file run-v7.tsv (TSV, C-alpha atoms)
chain	number	residue	atom	x	y	z
A	1	MET	CA	67.59	89.81	137.31
A	2	PHE	CA	65.68	92.83	135.94
A	3	SER	CA	61.94	92.73	135.36
A	4	LYS	CA	61.15	96.43	134.73
A	5	ILE	CA	63.51	98.68	132.79
A	6	LEU	CA	63.07	102.43	132.30
A	7	VAL	CA	64.79	103.96	129.27
A	8	PRO	CA	64.73	107.77	129.22
A	9	VAL	CA	65.63	109.08	125.77
A	10	ASP	CA	66.41	112.40	124.12
A	11	LEU	CA	64.77	112.27	120.70
A	12	ASN	CA	67.13	114.99	119.45
A	13	LYS	CA	70.21	112.76	119.72
A	14	PRO	CA	69.88	110.04	117.02
A	15	LYS	CA	73.32	108.43	117.56
A	16	MET	CA	72.72	108.08	121.28
A	17	LEU	CA	69.20	106.76	120.65
A	18	GLU	CA	70.50	103.87	118.59
A	19	SER	CA	73.10	102.65	121.09
A	20	LEU	CA	70.77	103.22	124.03
A	21	CYS	CA	67.85	101.33	122.48
A	22	GLN	CA	70.07	98.46	121.31
A	23	ALA	CA	71.51	98.01	124.81
A	24	ALA	CA	68.03	98.16	126.35
A	25	ALA	CA	66.63	95.67	123.81
A	26	GLU	CA	69.42	93.18	124.54
A	27	LEU	CA	68.96	93.44	128.30
A	28	ALA	CA	65.19	93.23	128.07
A	29	LYS	CA	65.39	90.13	125.88
A	30	ALA	CA	67.97	88.43	128.13
A	31	ASN	CA	65.92	89.15	131.26
A	32	ASN	CA	62.42	88.88	129.76
A	33	ALA	CA	61.89	92.38	131.17
A	34	ASP	CA	59.23	95.00	130.50
A	35	ILE	CA	60.52	98.19	128.87
A	36	THR	CA	59.20	101.71	129.27
A	37	LEU	CA	60.58	104.38	126.96
A	38	MET	CA	60.20	107.88	128.31
A	39	THR	CA	61.16	111.38	127.43
A	40	VAL	CA	60.89	114.61	129.37
A	41	LEU	CA	59.76	117.80	127.68
A	42	PRO	CA	60.77	121.18	129.08
A	43	GLY	CA	58.15	122.59	131.41
A	44	TYR	CA	56.27	125.70	130.29
A	45	SER	CA	54.38	126.09	133.55
A	46	MET	CA	55.84	129.46	134.48
A	47	PRO	CA	53.34	132.14	133.34
A	48	MET	CA	56.08	134.32	131.83
A	49	VAL	CA	57.43	131.44	129.73
A	50	ALA	CA	53.96	130.14	128.79
A	51	SER	CA	52.94	133.57	127.47
A	52	TYR	CA	55.43	133.22	124.59
A	53	PHE	CA	53.75	130.08	123.22
A	54	PRO	CA	50.29	129.44	121.76
A	55	GLU	CA	47.86	127.88	124.26
A	56	ASP	CA	47.90	124.46	122.64
A	57	ALA	CA	51.67	124.33	122.00
A	58	GLN	CA	52.35	122.04	124.96
A	59	LYS	CA	49.54	119.64	123.96
A	60	ARG	CA	50.70	119.49	120.34
A	61	LEU	CA	54.31	118.90	121.37
A	62	LYS	CA	53.23	116.11	123.70
A	63	VAL	CA	51.21	114.40	120.94
A	64	GLU	CA	54.06	114.69	118.40
A	65	THR	CA	56.56	113.40	120.95
A	66	ARG	CA	54.37	110.42	121.89
A	67	GLU	CA	54.09	109.52	118.19
A	68	ALA	CA	57.88	109.67	117.81
A	69	LEU	CA	58.33	107.50	120.93
A	70	ASP	CA	55.79	104.97	119.63
A	71	LYS	CA	57.70	104.75	116.35
A	72	LEU	CA	61.00	104.27	118.19
A	73	ALA	CA	59.46	101.62	120.45
A	74	LYS	CA	58.18	99.63	117.46
A	75	GLN	CA	61.59	99.83	115.81
A	76	TYR	CA	63.56	98.38	118.74
A	77	PHE	CA	61.17	96.49	121.03
A	78	SER	CA	58.53	93.86	120.45
A	79	ASP	CA	56.47	95.10	123.38
A	80	SER	CA	56.98	98.28	125.38
A	81	LYS	CA	55.24	101.22	126.99
A	82	VAL	CA	55.90	104.89	126.33
A	83	SER	CA	55.68	107.86	128.67
A	84	VAL	CA	55.96	111.59	128.02
A	85	LYS	CA	56.54	113.82	131.04
A	86	SER	CA	57.32	117.50	131.36
A	87	GLY	CA	59.54	119.33	133.82
A	88	LYS	CA	63.16	118.99	134.88
A	89	ARG	CA	64.63	115.97	133.14
A	90	ALA	CA	66.61	114.29	135.94
A	91	LYS	CA	63.92	114.96	138.55
A	92	GLU	CA	61.17	113.42	136.39
A	93	ILE	CA	63.30	110.37	135.50
A	94	VAL	CA	64.10	109.64	139.15
A	95	LYS	CA	60.49	110.22	140.18
A	96	THR	CA	59.21	107.86	137.49
A	97	ALA	CA	61.80	105.19	138.33
A	98	ASN	CA	61.04	105.30	142.04
A	99	GLU	CA	57.24	105.49	141.77
A	100	GLY	CA	57.10	102.79	139.08
A	101	ALA	CA	59.29	100.37	141.06
A	102	TYR	CA	61.74	99.94	138.18
A	103	ASP	CA	64.71	97.60	138.64
A	104	LEU	CA	66.97	99.43	136.20
A	105	VAL	CA	67.30	102.78	134.46
A	106	ILE	CA	69.30	102.77	131.23
A	107	ILE	CA	70.33	106.31	130.41
A	108	GLY	CA	72.65	107.83	127.84
A	109	ALA	CA	75.52	110.18	128.58
A	110	ARG	CA	77.66	112.20	126.29
A	111	ARG	CA	81.28	112.79	127.06
A	112	LYS	CA	82.07	115.94	128.94
A	113	HIS	CA	85.47	117.52	129.37
A	114	SER	CA	86.51	119.53	132.36
A	115	ARG	CA	89.38	121.96	132.55
A	116	GLY	CA	91.75	119.20	133.60
A	117	SER	CA	90.74	117.07	130.57
A	118	GLU	CA	88.97	114.57	132.83
A	119	ARG	CA	85.90	112.90	131.42
A	120	LEU	CA	82.83	113.49	133.51
A	121	LEU	CA	79.16	112.59	133.22
A	122	GLY	CA	76.63	115.13	132.08
A	123	SER	CA	74.44	116.69	134.74
A	124	CYS	CA	71.35	114.60	133.98
A	125	SER	CA	73.01	111.18	133.95
A	126	GLN	CA	75.02	112.12	137.05
A	127	SER	CA	71.92	113.27	138.91
A	128	VAL	CA	69.92	110.17	137.96
A	129	SER	CA	72.72	107.83	139.01
A	130	ASP	CA	73.13	109.69	142.32
A	131	ARG	CA	69.44	109.87	143.23
A	132	SER	CA	67.78	106.78	141.80
A	133	ALA	CA	66.71	104.04	144.20
A	134	CYS	CA	67.38	101.37	141.57
A	135	SER	CA	70.41	100.38	139.49
A	136	VAL	CA	71.45	102.74	136.71
A	137	MET	CA	73.27	101.72	133.54
A	138	ILE	CA	74.95	104.54	131.65
A	139	VAL	CA	75.44	104.06	127.92
A	140	ARG	CA	77.84	106.13	125.85

call {"tool": "encode", "arguments": {"input": "run-v7.tsv", "output": "C-alpha coordinates"}}
result
Amino acid sequence: MFSKILVPVDLNKPKMLESLCQAAAELAKANNADITLMTVLPGYSMPMVASYFPEDAQKRLKVETREALDKLAKQYFSDSKVSVKSGKRAKEIVKTANEGAYDLVIIGARRKHSRGSERLLGSCSQSVSDRSACSVMIVR
(Lines of atoms letter the chains of each structure in order from A and count residues from 1; the text may use other names and numbers.)
(Lines give C-alpha, C1' and ligand atoms only; values in the text may rest on other atoms or scores of the structure.)
Protein backbone atom coordinates (compact mmCIF):
# COMPACT_ATOMS: atom_id res chain seq x y z
CA MET A 1 0.00 0.00 0.00
CA PHE A 2 2.81 2.44 0.87
CA SER A 3 6.18 2.31 -0.85
CA LYS A 4 7.79 5.59 0.31
CA ILE A 5 7.29 6.93 3.82
CA LEU A 6 8.54 10.30 5.09
CA VAL A 7 9.04 10.61 8.84
CA PRO A 8 9.75 14.16 10.02
CA VAL A 9 11.12 14.17 13.56
CA ASP A 10 11.93 16.67 16.28
CA LEU A 11 15.13 15.44 17.90
CA ASN A 12 14.34 17.46 21.04
CA LYS A 13 11.29 15.34 21.91
CA PRO A 14 12.59 11.87 22.95
CA LYS A 15 9.22 10.40 24.01
CA MET A 16 7.61 11.38 20.73
CA LEU A 17 10.62 10.07 18.79
CA GLU A 18 10.21 6.60 20.22
CA SER A 19 6.51 6.20 19.42
CA LEU A 20 6.89 7.86 16.03
CA CYS A 21 9.82 5.67 14.96
CA GLN A 22 8.17 2.48 16.25
CA ALA A 23 5.00 3.21 14.27
CA ALA A 24 7.03 4.02 11.16
CA ALA A 25 9.16 0.88 11.52
CA GLU A 26 6.06 -1.32 11.80
CA LEU A 27 4.42 0.24 8.76
CA ALA A 28 7.60 0.11 6.71
CA LYS A 29 8.12 -3.55 7.55
CA ALA A 30 4.50 -4.48 6.78
CA ASN A 31 4.58 -2.64 3.44
CA ASN A 32 8.22 -3.26 2.51
CA ALA A 33 8.47 0.53 2.20
CA ASP A 34 11.44 2.87 1.99
CA ILE A 35 11.81 5.24 4.95
CA THR A 36 13.25 8.74 4.97
CA LEU A 37 13.83 10.38 8.34
CA MET A 38 13.98 14.14 8.16
CA THR A 39 14.26 17.09 10.45
CA VAL A 40 13.94 20.79 9.80
CA LEU A 41 16.32 23.25 11.42
CA PRO A 42 15.29 26.86 11.97
CA GLY A 43 16.38 29.10 9.12
CA TYR A 44 19.05 31.70 9.85
CA SER A 45 18.88 33.27 6.42
CA MET A 46 17.73 36.70 7.57
CA PRO A 47 20.84 38.92 7.83
CA MET A 48 19.79 40.32 11.21
CA VAL A 49 19.36 36.84 12.70
CA ALA A 50 22.50 35.45 11.04
CA SER A 51 24.63 38.25 12.51
CA TYR A 52 24.12 36.82 16.02
CA PHE A 53 25.73 33.48 15.13
CA PRO A 54 29.25 32.52 14.07
CA GLU A 55 29.62 32.02 10.31
CA ASP A 56 29.91 28.25 10.52
CA ALA A 57 27.15 27.75 13.12
CA GLN A 58 24.59 26.59 10.55
CA LYS A 59 27.04 24.12 8.98
CA ARG A 60 28.05 22.68 12.35
CA LEU A 61 24.43 22.33 13.45
CA LYS A 62 23.58 20.56 10.20
CA VAL A 63 26.47 18.09 10.62
CA GLU A 64 25.57 17.37 14.27
CA THR A 65 21.91 16.93 13.37
CA ARG A 66 22.70 14.56 10.49
CA GLU A 67 24.81 12.45 12.87
CA ALA A 68 21.94 12.30 15.37
CA LEU A 69 19.50 11.32 12.59
CA ASP A 70 21.87 8.61 11.35
CA LYS A 71 22.07 7.19 14.88
CA LEU A 72 18.28 7.24 15.21
CA ALA A 73 17.86 5.60 11.80
CA LYS A 74 20.23 2.75 12.73
CA GLN A 75 18.37 2.23 16.01
CA TYR A 76 14.90 1.79 14.46
CA PHE A 77 15.30 0.92 10.77
CA SER A 78 17.35 -1.64 8.90
CA ASP A 79 17.63 0.62 5.87
CA SER A 80 16.64 4.27 5.61
CA LYS A 81 17.67 7.66 4.28
CA VAL A 82 18.09 10.84 6.29
CA SER A 83 17.48 14.44 5.29
CA VAL A 84 18.22 17.70 7.09
CA LYS A 85 16.46 20.82 5.80
CA SER A 86 16.25 24.34 7.13
CA GLY A 87 13.39 26.81 7.09
CA LYS A 88 9.78 26.71 8.25
CA ARG A 89 9.04 23.22 9.49
CA ALA A 90 5.60 22.52 7.97
CA LYS A 91 6.48 24.16 4.65
CA GLU A 92 9.67 22.08 4.26
CA ILE A 93 7.90 18.84 5.21
CA VAL A 94 5.12 19.37 2.68
CA LYS A 95 7.61 20.43 0.00
CA THR A 96 9.75 17.34 0.60
CA ALA A 97 6.73 15.02 0.62
CA ASN A 98 5.33 16.43 -2.60
CA GLU A 99 8.62 16.68 -4.51
CA GLY A 100 9.76 13.23 -3.37
CA ALA A 101 6.48 11.55 -4.37
CA TYR A 102 5.99 10.04 -0.91
CA ASP A 103 2.91 7.89 -0.27
CA LEU A 104 2.70 8.66 3.43
CA VAL A 105 3.95 11.19 5.97
CA ILE A 106 4.07 9.98 9.57
CA ILE A 107 4.26 12.98 11.87
CA GLY A 108 4.03 13.41 15.61
CA ALA A 109 1.66 15.75 17.41
CA ARG A 110 1.49 16.77 21.00
CA ARG A 111 -1.80 17.43 22.66
CA LYS A 112 -2.96 21.00 22.64
CA HIS A 113 -5.72 22.48 24.75
CA SER A 114 -7.88 25.36 23.68
CA ARG A 115 -9.94 27.58 25.92
CA GLY A 116 -12.91 25.25 25.63
CA SER A 117 -10.77 22.25 26.70
CA GLU A 118 -10.97 20.76 23.21
CA ARG A 119 -7.96 18.84 22.02
CA LEU A 120 -6.49 20.24 18.85
CA LEU A 121 -3.48 19.46 16.70
CA GLY A 122 -0.36 21.55 16.90
CA SER A 123 0.24 24.03 14.10
CA CYS A 124 2.84 21.94 12.27
CA SER A 125 0.93 18.65 12.19
CA GLN A 126 -2.27 20.52 11.27
CA SER A 127 -0.55 22.36 8.44
CA VAL A 128 1.10 19.21 7.06
CA SER A 129 -2.16 17.26 7.15
CA ASP A 130 -4.01 20.14 5.44
CA ARG A 131 -1.45 20.77 2.69
CA SER A 132 0.18 17.45 1.88
CA ALA A 133 -0.71 15.76 -1.40
CA CYS A 134 -0.26 12.31 0.17
CA SER A 135 -1.76 10.55 3.19
CA VAL A 136 -0.70 11.76 6.62
CA MET A 137 -0.62 9.62 9.76
CA ILE A 138 -0.50 11.55 13.02
CA VAL A 139 1.07 9.79 16.00
CA ARG A 140 0.58 10.92 19.58

call {"tool": "closest_residue", "arguments": {"input": "run-v7.tsv", "among": "A:Val139, A:Val9, A:Val128, A:Leu121", "to": "A:Ile93", "atoms": "only C-alpha atoms"}}
result
A:Val128

call {"tool": "closest_residue", "arguments": {"input": "run-v7.tsv", "among": "A:Asn98, A:Asn31, A:Phe77, A:Leu41", "to": "A:Ala57", "atoms": "only C-alpha atoms"}}
result
A:Leu41

call {"tool": "atom_distance", "arguments": {"input": "run-v7.tsv", "atom1": "atom CA of A:Gly122", "atom2": "atom CA of A:Ile35"}}
result
23.6 Å

call {"tool": "closest_atom_pairs", "arguments": {"input": "run-v7.tsv", "of": "stretch 9-117 of chain A", "to": "stretch 130-136 of chain A", "cutoff": "8 Å", "atoms": "only C-alpha atoms", "output": "JSON lines"}}
result
{"residue": "A:Val94", "atom": "CA", "partner": "A:Ser132", "partner_atom": "CA", "distance": 5.4}
{"residue": "A:Ala97", "atom": "CA", "partner": "A:Ser132", "partner_atom": "CA", "distance": 7.1}
{"residue": "A:Asn98", "atom": "CA", "partner": "A:Ala133", "partner_atom": "CA", "distance": 6.2}
{"residue": "A:Tyr102", "atom": "CA", "partner": "A:Cys134", "partner_atom": "CA", "distance": 6.7}
{"residue": "A:Asp103", "atom": "CA", "partner": "A:Cys134", "partner_atom": "CA", "distance": 5.5}
{"residue": "A:Leu104", "atom": "CA", "partner": "A:Ser135", "partner_atom": "CA", "distance": 4.9}
{"residue": "A:Val105", "atom": "CA", "partner": "A:Val136", "partner_atom": "CA", "distance": 4.7}
{"residue": "A:Ile106", "atom": "CA", "partner": "A:Val136", "partner_atom": "CA", "distance": 5.9}
{"residue": "A:Ile107", "atom": "CA", "partner": "A:Val136", "partner_atom": "CA", "distance": 7.3}

call {"tool": "atom_distance", "arguments": {"input": "run-v7.tsv", "atom1": "atom CA of A:Pro42", "atom2": "atom CA of A:Glu99"}}
result
20.5 Å

call {"tool": "atom_distance", "arguments": {"input": "run-v7.tsv", "atom1": "atom CA of A:Ile138", "atom2": "atom CA of A:Ala25"}}
result
14.5 Å

call {"tool": "residues_near_point", "arguments": {"input": "run-v7.tsv", "point": "(53.5, 116.2, 128.5)", "cutoff": "10 Å", "atoms": "all atoms listed in the file", "output": "PyMOL selection string"}}
result
chain A and resi 39-43+58-63+65-66+83-87

call {"tool": "axis_aligned_box", "arguments": {"input": "run-v7.tsv", "around": "stretch 68-76 of chain A", "padding_each_side": "3 Å", "output": "JSON"}}
result
{"center_x": 59.7, "center_y": 104.0, "center_z": 118.4, "size_x": 13.8, "size_y": 17.3, "size_z": 11.1}

call {"tool": "closest_residue", "arguments": {"input": "run-v7.tsv", "among": "A:Val7, A:Tyr52, A:Glu67, A:Lys74", "to": "A:Ser19", "atoms": "only C-alpha atoms"}}
result
A:Val7

call {"tool": "residues_around", "arguments": {"input": "run-v7.tsv", "residues": "A:Gln75", "least_positions_apart": "6", "cutoff": "12 Å", "atoms": "all atoms listed in the file", "output": "PyMOL selection string"}}
result
chain A and resi 17-18+21-22+25+68-69

call {"tool": "closest_residue", "arguments": {"input": "run-v7.tsv", "among": "A:Ser3, A:Glu64, A:Glu92, A:Ala24", "to": "A:Met137", "atoms": "all atoms listed in the file"}}
result
A:Ala24

call {"tool": "closest_residue", "arguments": {"input": "run-v7.tsv", "among": "A:Pro14, A:Asp34, A:Asp79, A:Lys29", "to": "A:Gly108", "atoms": "all atoms listed in the file"}}
result
A:Pro14
